[in-house]
Amino acid sequence: MLFLAALVSVFTTAGIVYILVKESVLFFRHVPVWSFLTDTQWTPLFDDAHFGIMVLLSGTLTSSMVALSIAIPLGTVIAIYLSEFAPYRLREFAKPLLELLGGVPTIVYGYFALLFVTPLLQRLYPGLPGFNLLAAGLVMGVMIIPYVASISEDAMRAVPMSLREGSYAMGATRMQTALRVVFPGAFSGVAAAYILGISRAVGETMIVAVAAGMQPNLTFNPLEPAATITTYIVQVALGDVPHGSIAYQTIFAAGLTLMLLTLVFNVAGHVLRKRFRETY
Amino acid sequence: MRALIAKHKRRDVLFALLGLLALMIGILTFAALFVDMALRGFGRLDLDFFTSFPSRHAGQAGILSAWVGSTLVMAVTAAFAVPLGVAAGVYLEEYARKNWVTDLIEINITNLAGVPSIVYGLLALGLFVYQFGLGQSILSAGLTLALLILPVVIVATREAIRSIPQIIREGSYALGATRWQTVRYHILPYSSAGILTGIIIGMARAIGETAPIITIGALTFIAFLPPAPLQAEPPYLSFEWLLSPFTVMPIQMFNWTSRPEAAFQANAAAAGFVLVAMTLAMNALAIWLRYRLRRNIKW
């Protein structure tokens, strides 16, 4: 009985792969893989249908880049600060607070991006459209900070005290110790935190769906509106799409792309962890 | 030499300030979010808001069908995720032998935690909605979210069980207890607070999930309640509500946010405020439980 319960996780993975591949195979019977990868238009719901995943991929990558350029530096600095600099009481107070920040529903962040951050940014860049990747990416970055900070901090705390003491005994300052001893020592854990952040950014749905608009747009400019892989799935699901139609199958092809993308990052994370693992 | 030391000390202080600043950015953003939502939504937060259905008129719209839907979906999620997650955690910690099947299960759990939530939505759309014919119902949504939070519950259960020292188990076995008796009378009671923490965090995550539920096709405009689970005539209990169409809090909020009228956005703010208050309360409860746990247990 207990064994069956544990097997549910395996069934889930198998179910995901089965469903995604099954529907995608039907999709790729209509649309050659080559044009899926190289077409520069994404208009699956029009009469003149084009299926160029690049268009959606560009939106996903752009918003993720914006998010990560916020989350990785800030998350790392917070982790180093909390692990090496902050007084004990501040740390005990800040960590649960960060966890709370990570627990806020993403739809709420989406609301925030659209109705608070975008008007704010429009004051800086008056020409900014109401839907844009920049606001979505920035808020997504703030959403990801707690994940990156919390996991990196755990990794740094796991570095043995004797290494720090050795460094201090050599006359190093706190910052030198943190950056040249603790950070490299914890790198495999920190890399895992980054990878998790990347997966979150790529798979994030509601923030971009609300704040970045949903029209497909082949662009790497964060100031423009664009659709991502995830928002396309939401858009189709919101409309009434008949089961078995080509539009129904496209969301599974898009999902498969998303799944493969996160898989690449997870495998990369695994390799990084193995290569940089320090044993004490 | 003295100048060099002074320079490095200055850098130390600067870095500490930078760290504090980064922390503040995160926390202040959250404060801005919360205050902005409270200010915009406060005017809409009254009793009527909780007891009205959504409406074409922003001023009369409420979240009755949304919070009822959320509650029912959460009930289904808990009914599946808690027994399955705890059972899987107990199996992996207390029963599993070290072999390739166990490795496979463990790798799977780690990977599932990294799968984007919308992919779970696609799984549910293909499997629950069409293959099993459950339709776009509360049952489908509850099952989807149960799968989504299963890794959270399993990991929390395993960590709670792992922190119980080996001597407890040995003592129990020495008195002639079977493995099941040890689990039932020692392992589960001692790890219950830790498991509960994991369950609460998982449920807090599930209640705010929007993407997978949109994907399975929850409606955004529902002006009726699912059939009541308790009925006046026998057999008193009815499970019709499981197959009823529904909406949930985050979807209601999404619907209002994507409208251009300011009045609906005030509704979205109010709904968001309720949603954040709920998840914050749940997370705070979990953190408090963990804190108490750390203080009270002395093995």
# chains A, B, ... in the order shown; residues from 1 in each chain; ligands from 1
>>> closest_atom_pairs(of="chain A", to="chain B", cutoff="7 Å", atoms="only C-alpha atoms", output="Markdown table")
| residue | atom | partner | partner_atom | distance |
| --- | --- | --- | --- | --- |
| A:Leu2 | CA | B:Ala87 | CA | 5.2 |
| A:Phe3 | CA | B:Tyr91 | CA | 6.2 |
| A:Ala5 | CA | B:Ala88 | CA | 5.0 |
| A:Ala6 | CA | B:Ala88 | CA | 4.1 |
| A:Leu7 | CA | B:Ile105 | CA | 6.7 |
| A:Ser9 | CA | B:Ile109 | CA | 6.1 |
| A:Val10 | CA | B:Asn108 | CA | 6.1 |
| A:Gly15 | CA | B:Leu123 | CA | 6.8 |
| A:Ile16 | CA | B:Leu123 | CA | 5.3 |
| A:Ile19 | CA | B:Gly126 | CA | 6.1 |
| A:Leu74 | CA | B:Ala22 | CA | 5.7 |
| A:Val77 | CA | B:Gly19 | CA | 5.6 |
| A:Ile78 | CA | B:Gly19 | CA | 5.3 |
| A:Tyr81 | CA | B:Gly19 | CA | 5.1 |
| A:Phe85 | CA | B:Ala16 | CA | 6.3 |
| A:Pro96 | CA | B:Ile287 | CA | 6.9 |
| A:Leu100 | CA | B:Asn283 | CA | 6.4 |
| A:Leu101 | CA | B:Phe30 | CA | 7.0 |
| A:Gly103 | CA | B:Arg205 | CA | 6.5 |
| A:Val104 | CA | B:Val276 | CA | 6.2 |
| A:Pro105 | CA | B:Gly208 | CA | 4.5 |
| A:Ile107 | CA | B:Pro250 | CA | 6.4 |
| A:Val108 | CA | B:Gly272 | CA | 5.9 |
| A:Tyr111 | CA | B:Thr257 | CA | 6.3 |
| A:Phe112 | CA | B:Leu33 | CA | 6.3 |
| A:Val142 | CA | B:Gly26 | CA | 6.4 |
| A:Thr173 | CA | B:His8 | CA | 6.9 |
| A:Arg174 | CA | B:Asp12 | CA | 6.4 |
| A:Met175 | CA | B:Asp12 | CA | 5.4 |
| A:Ser199 | CA | B:Gly114 | CA | 6.7 |
| A:Arg200 | CA | B:Pro116 | CA | 7.0 |
| A:Gly203 | CA | B:Pro116 | CA | 4.8 |
| A:Thr205 | CA | B:Ala211 | CA | 6.4 |
| A:Met206 | CA | B:Ala211 | CA | 6.4 |
| A:Val210 | CA | B:Ser258 | CA | 6.6 |
| A:Val234 | CA | B:Thr215 | CA | 6.1 |
| A:Ala237 | CA | B:Thr215 | CA | 5.1 |
| A:Leu238 | CA | B:Ile214 | CA | 6.7 |
| A:Phe252 | CA | B:Leu122 | CA | 6.9 |
| A:Gly255 | CA | B:Val119 | CA | 6.2 |
>>> write_last_selection(atoms="N, CA, C and O atoms", output="short mmCIF file (atom, residue, chain, number, x, y, z; two decimals), in the first residue's frame")
data_model
loop_
_atom_site.label_atom_id
_atom_site.label_comp_id
_atom_site.auth_asym_id
_atom_site.auth_seq_id
_atom_site.Cartn_x
_atom_site.Cartn_y
_atom_site.Cartn_z
N LEU A 2 1.79 1.28 0.99
CA LEU A 2 2.67 2.44 1.08
C LEU A 2 3.53 2.56 -0.17
O LEU A 2 3.77 3.65 -0.67
N PHE A 3 3.93 1.41 -0.68
CA PHE A 3 4.77 1.40 -1.87
C PHE A 3 4.02 2.01 -3.05
O PHE A 3 4.55 2.81 -3.81
N ALA A 5 1.68 4.23 -2.89
CA ALA A 5 1.61 5.67 -2.69
C ALA A 5 2.89 6.33 -3.19
O ALA A 5 2.87 7.37 -3.84
N ALA A 6 4.03 5.68 -2.90
CA ALA A 6 5.30 6.25 -3.34
C ALA A 6 5.41 6.21 -4.86
O ALA A 6 6.04 7.07 -5.47
N LEU A 7 4.77 5.19 -5.46
CA LEU A 7 4.85 5.08 -6.92
C LEU A 7 4.03 6.15 -7.64
O LEU A 7 4.21 6.36 -8.84
N SER A 9 4.26 9.20 -7.65
CA SER A 9 5.13 10.21 -8.27
C SER A 9 5.64 9.73 -9.62
O SER A 9 5.75 10.50 -10.57
N VAL A 10 5.96 8.43 -9.69
CA VAL A 10 6.44 7.89 -10.96
C VAL A 10 5.31 7.92 -11.99
O VAL A 10 5.51 8.29 -13.15
N GLY A 15 2.63 9.99 -16.66
CA GLY A 15 1.41 10.58 -17.21
C GLY A 15 1.72 11.86 -17.97
O GLY A 15 1.22 12.08 -19.08
N ILE A 16 2.57 12.71 -17.39
CA ILE A 16 2.92 13.97 -18.05
C ILE A 16 3.57 13.69 -19.40
O ILE A 16 3.15 14.23 -20.43
N ILE A 19 0.96 12.14 -21.94
CA ILE A 19 -0.02 13.08 -22.49
C ILE A 19 0.64 14.08 -23.44
O ILE A 19 0.17 14.31 -24.55
N LEU A 74 20.50 40.03 -6.60
CA LEU A 74 19.91 40.39 -5.31
C LEU A 74 19.83 39.17 -4.39
O LEU A 74 20.16 39.25 -3.21
N VAL A 77 23.33 38.34 -3.05
CA VAL A 77 23.79 39.30 -2.05
C VAL A 77 23.03 39.09 -0.72
O VAL A 77 23.64 39.07 0.35
N ILE A 78 21.72 38.88 -0.82
CA ILE A 78 20.94 38.66 0.41
C ILE A 78 21.43 37.40 1.12
O ILE A 78 21.60 37.39 2.34
N TYR A 81 24.74 38.05 2.73
CA TYR A 81 24.55 38.95 3.88
C TYR A 81 23.95 38.18 5.06
O TYR A 81 24.47 38.26 6.18
N PHE A 85 27.03 38.06 7.37
CA PHE A 85 27.12 39.38 8.00
C PHE A 85 26.06 39.64 9.05
O PHE A 85 26.33 40.25 10.07
N PRO A 96 12.08 33.82 7.78
CA PRO A 96 10.64 33.55 7.63
C PRO A 96 9.93 34.59 6.78
O PRO A 96 9.05 34.25 6.00
N LEU A 100 7.65 33.98 3.51
CA LEU A 100 6.31 34.51 3.28
C LEU A 100 6.21 35.14 1.89
O LEU A 100 5.23 34.97 1.18
N LEU A 101 7.26 35.86 1.52
CA LEU A 101 7.30 36.52 0.22
C LEU A 101 7.18 35.49 -0.90
O LEU A 101 6.53 35.74 -1.92
N GLY A 103 5.54 32.81 -0.70
CA GLY A 103 4.24 32.16 -0.65
C GLY A 103 3.11 32.97 -1.24
O GLY A 103 1.99 32.49 -1.31
N VAL A 104 3.39 34.21 -1.66
CA VAL A 104 2.32 35.03 -2.23
C VAL A 104 1.91 34.46 -3.59
O VAL A 104 2.77 34.15 -4.40
N PRO A 105 0.60 34.31 -3.83
CA PRO A 105 0.15 33.75 -5.11
C PRO A 105 0.63 34.59 -6.29
O PRO A 105 0.67 35.82 -6.21
N ILE A 107 -0.72 35.26 -9.10
CA ILE A 107 -1.71 36.13 -9.72
C ILE A 107 -1.68 37.51 -9.05
O ILE A 107 -1.85 38.55 -9.69
N VAL A 108 -1.38 37.52 -7.74
CA VAL A 108 -1.29 38.79 -7.01
C VAL A 108 -0.09 39.60 -7.52
O VAL A 108 -0.18 40.81 -7.72
N TYR A 111 -1.10 41.16 -10.81
CA TYR A 111 -1.88 42.37 -10.57
C TYR A 111 -0.95 43.54 -10.27
O TYR A 111 -1.08 44.64 -10.80
N PHE A 112 0.03 43.28 -9.42
CA PHE A 112 1.00 44.29 -8.99
C PHE A 112 1.80 44.81 -10.18
O PHE A 112 2.01 46.02 -10.34
N VAL A 142 11.46 39.77 -8.49
CA VAL A 142 11.23 39.93 -7.05
C VAL A 142 10.61 38.65 -6.48
O VAL A 142 10.95 38.20 -5.39
N THR A 173 39.29 39.65 5.81
CA THR A 173 38.11 40.32 6.36
C THR A 173 36.89 39.44 6.10
O THR A 173 36.97 38.43 5.41
N ARG A 174 35.77 39.89 6.65
CA ARG A 174 34.53 39.15 6.43
C ARG A 174 34.20 39.00 4.96
O ARG A 174 33.78 37.95 4.50
N MET A 175 34.38 40.13 4.22
CA MET A 175 34.00 40.09 2.83
C MET A 175 34.90 39.17 2.03
O MET A 175 34.43 38.40 1.20
N SER A 199 14.23 27.78 -13.70
CA SER A 199 13.04 26.97 -13.99
C SER A 199 11.77 27.73 -13.63
O SER A 199 10.78 27.69 -14.37
N ARG A 200 11.81 28.40 -12.48
CA ARG A 200 10.64 29.18 -12.06
C ARG A 200 10.32 30.24 -13.10
O ARG A 200 9.17 30.46 -13.45
N GLY A 203 8.89 28.84 -16.35
CA GLY A 203 7.56 28.25 -16.22
C GLY A 203 6.53 29.19 -15.64
O GLY A 203 5.36 28.83 -15.54
N THR A 205 3.68 31.72 -15.17
CA THR A 205 2.57 31.91 -16.08
C THR A 205 1.78 33.18 -15.82
O THR A 205 1.63 34.03 -16.69
N MET A 206 1.25 33.32 -14.61
CA MET A 206 0.22 34.32 -14.39
C MET A 206 0.76 35.75 -14.48
O MET A 206 0.08 36.64 -14.96
N VAL A 210 -0.89 38.31 -17.18
CA VAL A 210 -1.60 39.53 -16.81
C VAL A 210 -0.88 40.77 -17.35
O VAL A 210 -1.51 41.66 -17.91
N VAL A 234 -2.44 29.53 -21.58
CA VAL A 234 -3.53 30.15 -20.84
C VAL A 234 -4.56 30.75 -21.80
O VAL A 234 -5.77 30.56 -21.64
N ALA A 237 -6.60 28.09 -23.36
CA ALA A 237 -7.47 27.44 -22.37
C ALA A 237 -8.64 28.34 -21.98
O ALA A 237 -9.71 27.85 -21.63
N LEU A 238 -8.43 29.66 -22.04
CA LEU A 238 -9.51 30.58 -21.68
C LEU A 238 -10.60 30.59 -22.73
O LEU A 238 -11.78 30.76 -22.44
N PHE A 252 -0.29 21.39 -26.27
CA PHE A 252 0.54 20.29 -25.78
C PHE A 252 1.94 20.35 -26.39
O PHE A 252 2.93 20.06 -25.72
N GLY A 255 3.58 22.92 -24.46
CA GLY A 255 3.92 22.38 -23.15
C GLY A 255 5.13 21.47 -23.20
O GLY A 255 5.99 21.50 -22.32
#
>>> residues_around(residues="B:Arg162", least_positions_apart="2", cutoff="10 Å", atoms="only C-alpha atoms", output="PDB file with N, CA, C and O atoms, in the first residue's frame")
ATOM      1  N   VAL B  90       6.489   7.970   4.528  1.00  0.00           N
ATOM      2  CA  VAL B  90       6.759   6.898   5.491  1.00  0.00           C
ATOM      3  C   VAL B  90       7.412   5.715   4.783  1.00  0.00           C
ATOM      4  O   VAL B  90       8.396   5.159   5.261  1.00  0.00           O
ATOM      5  N   GLU B  93      11.080   6.466   3.972  1.00  0.00           N
ATOM      6  CA  GLU B  93      11.991   6.565   5.112  1.00  0.00           C
ATOM      7  C   GLU B  93      12.098   5.261   5.896  1.00  0.00           C
ATOM      8  O   GLU B  93      13.171   4.909   6.383  1.00  0.00           O
ATOM      9  N   GLU B  94      10.972   4.568   6.088  1.00  0.00           N
ATOM     10  CA  GLU B  94      10.967   3.441   7.033  1.00  0.00           C
ATOM     11  C   GLU B  94      10.988   2.074   6.363  1.00  0.00           C
ATOM     12  O   GLU B  94      11.417   1.099   6.962  1.00  0.00           O
ATOM     13  N   ALA B 156       8.375  17.119   3.172  1.00  0.00           N
ATOM     14  CA  ALA B 156       8.196  17.539   4.572  1.00  0.00           C
ATOM     15  C   ALA B 156       8.080  16.321   5.484  1.00  0.00           C
ATOM     16  O   ALA B 156       8.670  16.276   6.567  1.00  0.00           O
ATOM     17  N   THR B 157       7.312  15.313   5.040  1.00  0.00           N
ATOM     18  CA  THR B 157       7.149  14.102   5.840  1.00  0.00           C
ATOM     19  C   THR B 157       8.495  13.420   6.066  1.00  0.00           C
ATOM     20  O   THR B 157       8.833  13.030   7.182  1.00  0.00           O
ATOM     21  N   ARG B 158       9.274  13.311   4.986  1.00  0.00           N
ATOM     22  CA  ARG B 158      10.563  12.630   5.115  1.00  0.00           C
ATOM     23  C   ARG B 158      11.478  13.376   6.075  1.00  0.00           C
ATOM     24  O   ARG B 158      12.156  12.770   6.895  1.00  0.00           O
ATOM     25  N   GLU B 159      11.492  14.718   5.959  1.00  0.00           N
ATOM     26  CA  GLU B 159      12.381  15.472   6.844  1.00  0.00           C
ATOM     27  C   GLU B 159      11.963  15.320   8.298  1.00  0.00           C
ATOM     28  O   GLU B 159      12.800  15.159   9.180  1.00  0.00           O
ATOM     29  N   ALA B 160      10.636  15.361   8.528  1.00  0.00           N
ATOM     30  CA  ALA B 160      10.145  15.222   9.903  1.00  0.00           C
ATOM     31  C   ALA B 160      10.514  13.849  10.463  1.00  0.00           C
ATOM     32  O   ALA B 160      10.938  13.720  11.611  1.00  0.00           O
ATOM     33  N   ILE B 164      13.757  12.107  13.699  1.00  0.00           N
ATOM     34  CA  ILE B 164      13.537  11.275  14.892  1.00  0.00           C
ATOM     35  C   ILE B 164      14.744  10.364  15.072  1.00  0.00           C
ATOM     36  O   ILE B 164      15.119   9.645  14.150  1.00  0.00           O
ATOM     37  N   PRO B 165      15.364  10.379  16.251  1.00  0.00           N
ATOM     38  CA  PRO B 165      16.580   9.598  16.425  1.00  0.00           C
ATOM     39  C   PRO B 165      16.327   8.090  16.335  1.00  0.00           C
ATOM     40  O   PRO B 165      15.240   7.611  16.640  1.00  0.00           O
ATOM     41  N   GLN B 166      17.360   7.385  15.928  1.00  0.00           N
ATOM     42  CA  GLN B 166      17.272   5.947  15.726  1.00  0.00           C
ATOM     43  C   GLN B 166      16.913   5.205  17.018  1.00  0.00           C
ATOM     44  O   GLN B 166      16.227   4.187  16.974  1.00  0.00           O
ATOM     45  N   ILE B 187       6.609   6.779  15.240  1.00  0.00           N
ATOM     46  CA  ILE B 187       7.098   7.655  14.168  1.00  0.00           C
ATOM     47  C   ILE B 187       6.058   8.723  13.807  1.00  0.00           C
ATOM     48  O   ILE B 187       6.362   9.913  13.798  1.00  0.00           O
ATOM     49  N   SER B 191       6.335  12.832  14.491  1.00  0.00           N
ATOM     50  CA  SER B 191       6.640  13.693  13.347  1.00  0.00           C
ATOM     51  C   SER B 191       5.429  14.509  12.919  1.00  0.00           C
ATOM     52  O   SER B 191       5.498  15.248  11.947  1.00  0.00           O
TER      53      SER B 191
END
>>> residues_around(residues="stretch 38-53 of chain A", least_positions_apart="3", cutoff="9 Å", atoms="only C-alpha atoms", output="PDB file with N, CA and C atoms, in the first residue's frame")
ATOM      1  N   VAL A  31       1.971  19.564 -38.667  1.00  0.00           N
ATOM      2  CA  VAL A  31       2.982  20.606 -38.790  1.00  0.00           C
ATOM      3  C   VAL A  31       4.356  19.957 -38.725  1.00  0.00           C
ATOM      4  N   VAL A  33       8.178  19.315 -37.994  1.00  0.00           N
ATOM      5  CA  VAL A  33       9.010  19.797 -36.888  1.00  0.00           C
ATOM      6  C   VAL A  33       9.866  20.976 -37.346  1.00  0.00           C
ATOM      7  N   TRP A  34      10.352  20.877 -38.595  1.00  0.00           N
ATOM      8  CA  TRP A  34      11.265  21.900 -39.084  1.00  0.00           C
ATOM      9  C   TRP A  34      10.596  23.283 -39.080  1.00  0.00           C
ATOM     10  N   SER A  35       9.353  23.346 -39.579  1.00  0.00           N
ATOM     11  CA  SER A  35       8.707  24.665 -39.623  1.00  0.00           C
ATOM     12  C   SER A  35       8.309  25.113 -38.222  1.00  0.00           C
ATOM     13  N   LEU A  56       7.183  32.449 -29.455  1.00  0.00           N
ATOM     14  CA  LEU A  56       6.841  32.323 -28.036  1.00  0.00           C
ATOM     15  C   LEU A  56       8.102  32.200 -27.183  1.00  0.00           C
ATOM     16  N   LEU A  57       9.072  31.479 -27.738  1.00  0.00           N
ATOM     17  CA  LEU A  57      10.327  31.272 -27.013  1.00  0.00           C
ATOM     18  C   LEU A  57      11.016  32.603 -26.744  1.00  0.00           C
ATOM     19  N   SER A  58      10.951  33.526 -27.709  1.00  0.00           N
ATOM     20  CA  SER A  58      11.618  34.821 -27.517  1.00  0.00           C
ATOM     21  C   SER A  58      10.991  35.564 -26.337  1.00  0.00           C
ATOM     22  N   PRO A 216       1.447  37.288 -29.739  1.00  0.00           N
ATOM     23  CA  PRO A 216       2.763  36.747 -30.102  1.00  0.00           C
ATOM     24  C   PRO A 216       3.594  37.818 -30.793  1.00  0.00           C
ATOM     25  N   ASN A 217       4.854  37.905 -30.442  1.00  0.00           N
ATOM     26  CA  ASN A 217       5.691  38.978 -30.930  1.00  0.00           C
ATOM     27  C   ASN A 217       7.132  38.486 -30.868  1.00  0.00           C
ATOM     28  N   LEU A 218       7.763  38.392 -32.041  1.00  0.00           N
ATOM     29  CA  LEU A 218       9.147  37.919 -32.065  1.00  0.00           C
ATOM     30  C   LEU A 218      10.065  39.081 -31.716  1.00  0.00           C
ATOM     31  N   ILE A 229       5.450  31.075 -23.906  1.00  0.00           N
ATOM     32  CA  ILE A 229       4.882  29.731 -24.085  1.00  0.00           C
ATOM     33  C   ILE A 229       3.722  29.523 -23.115  1.00  0.00           C
ATOM     34  N   ILE A 246      -6.711  21.272 -33.910  1.00  0.00           N
ATOM     35  CA  ILE A 246      -5.281  21.571 -33.998  1.00  0.00           C
ATOM     36  C   ILE A 246      -4.875  22.581 -32.926  1.00  0.00           C
ATOM     37  N   ALA A 247      -5.775  23.523 -32.607  1.00  0.00           N
ATOM     38  CA  ALA A 247      -5.458  24.504 -31.567  1.00  0.00           C
ATOM     39  C   ALA A 247      -5.287  23.800 -30.216  1.00  0.00           C
ATOM     40  N   THR A 250      -1.873  22.254 -30.205  1.00  0.00           N
ATOM     41  CA  THR A 250      -0.720  23.159 -30.105  1.00  0.00           C
ATOM     42  C   THR A 250      -0.323  23.398 -28.659  1.00  0.00           C
ATOM     43  N   ALA A 254       3.376  23.121 -27.230  1.00  0.00           N
ATOM     44  CA  ALA A 254       4.011  24.214 -26.488  1.00  0.00           C
ATOM     45  C   ALA A 254       4.445  23.723 -25.106  1.00  0.00           C
ATOM     46  N   THR A 257       7.575  21.680 -25.338  1.00  0.00           N
ATOM     47  CA  THR A 257       8.742  22.554 -25.482  1.00  0.00           C
ATOM     48  C   THR A 257       9.175  23.091 -24.121  1.00  0.00           C
TER      49      THR A 257
END
>>> residues_around(residues="A:Ser63", least_positions_apart="2", cutoff="12 Å", atoms="only C-alpha atoms", output="PyMOL selection string")
chain A and resi 56-61+65-70+132-141+198+200-205+207-209+211-212+219-231
>>> atom_distance(atom1="atom CA of A:Gly110", atom2="atom CA of B:Gln252")
13.4 Å
>>> atom_distance(atom1="atom CA of B:Met249", atom2="atom CA of A:Ile251")
24.3 Å
>>> select_by_dssp(residues="stretch 92-152 of chain A", states="alpha helix (DSSP H)", output="PyMOL selection string")
chain A and resi 92-102+106-112+118-124+133-152
>>> atom_distance(atom1="atom CA of A:Ala79", atom2="atom CA of B:Val153")
25.6 Å
>>> residues_around(residues="B:Ala75", least_positions_apart="2", cutoff="12 Å", atoms="only C-alpha atoms", output="list in words")
Val68, Gly69, Ser70, Thr71, Leu72, Val73, Thr77, Ala78, Ala79, Phe80, Ala81, Val82, Ile138, Leu139, Ala141, Gly142, Leu143, Leu145, Ala146, Met203, Ala206, Ile207, Pro229, Trp241 and Leu242 of chain B
>>> closest_residue(among="A:Ala192, A:Val241, A:Phe131, A:Gly102", to="A:Pro119", atoms="only C-alpha atoms")
A:Phe131
>>> decode(residues="stretch 193-205 of chain A", atoms="N, CA and C atoms", output="mmCIF file, in the first residue's frame")
data_model
loop_
_atom_site.group_PDB
_atom_site.id
_atom_site.type_symbol
_atom_site.label_atom_id
_atom_site.label_comp_id
_atom_site.auth_asym_id
_atom_site.auth_seq_id
_atom_site.Cartn_x
_atom_site.Cartn_y
_atom_site.Cartn_z
ATOM 1 N N ALA A 193 20.400 26.625 -6.603
ATOM 2 C CA ALA A 193 19.429 27.690 -6.369
ATOM 3 C C ALA A 193 19.187 28.490 -7.643
ATOM 4 N N TYR A 194 20.260 28.785 -8.394
ATOM 5 C CA TYR A 194 20.099 29.530 -9.650
ATOM 6 C C TYR A 194 19.242 28.741 -10.636
ATOM 7 N N ILE A 195 19.547 27.450 -10.713
ATOM 8 C CA ILE A 195 18.809 26.622 -11.676
ATOM 9 C C ILE A 195 17.325 26.613 -11.316
ATOM 10 N N LEU A 196 17.033 26.496 -10.033
ATOM 11 C CA LEU A 196 15.639 26.516 -9.612
ATOM 12 C C LEU A 196 15.000 27.848 -10.007
ATOM 13 N N GLY A 197 15.756 28.940 -9.812
ATOM 14 C CA GLY A 197 15.255 30.258 -10.198
ATOM 15 C C GLY A 197 14.953 30.320 -11.687
ATOM 16 N N ILE A 198 15.850 29.748 -12.502
ATOM 17 C CA ILE A 198 15.637 29.761 -13.954
ATOM 18 C C ILE A 198 14.383 28.964 -14.309
ATOM 19 N N SER A 199 14.233 27.778 -13.699
ATOM 20 C CA SER A 199 13.038 26.971 -13.994
ATOM 21 C C SER A 199 11.768 27.729 -13.633
ATOM 22 N N ARG A 200 11.806 28.397 -12.478
ATOM 23 C CA ARG A 200 10.637 29.181 -12.063
ATOM 24 C C ARG A 200 10.323 30.245 -13.098
ATOM 25 N N ALA A 201 11.369 30.964 -13.547
ATOM 26 C CA ALA A 201 11.160 32.082 -14.470
ATOM 27 C C ALA A 201 10.579 31.582 -15.788
ATOM 28 N N VAL A 202 11.128 30.465 -16.283
ATOM 29 C CA VAL A 202 10.677 29.954 -17.575
ATOM 30 C C VAL A 202 9.239 29.440 -17.482
ATOM 31 N N GLY A 203 8.893 28.837 -16.345
ATOM 32 C CA GLY A 203 7.565 28.253 -16.215
ATOM 33 C C GLY A 203 6.531 29.189 -15.638
ATOM 34 N N GLU A 204 6.937 30.395 -15.251
ATOM 35 C CA GLU A 204 5.987 31.316 -14.626
ATOM 36 C C GLU A 204 4.905 31.723 -15.626
ATOM 37 N N THR A 205 3.683 31.717 -15.167
ATOM 38 C CA THR A 205 2.575 31.913 -16.084
ATOM 39 C C THR A 205 1.781 33.183 -15.820
#
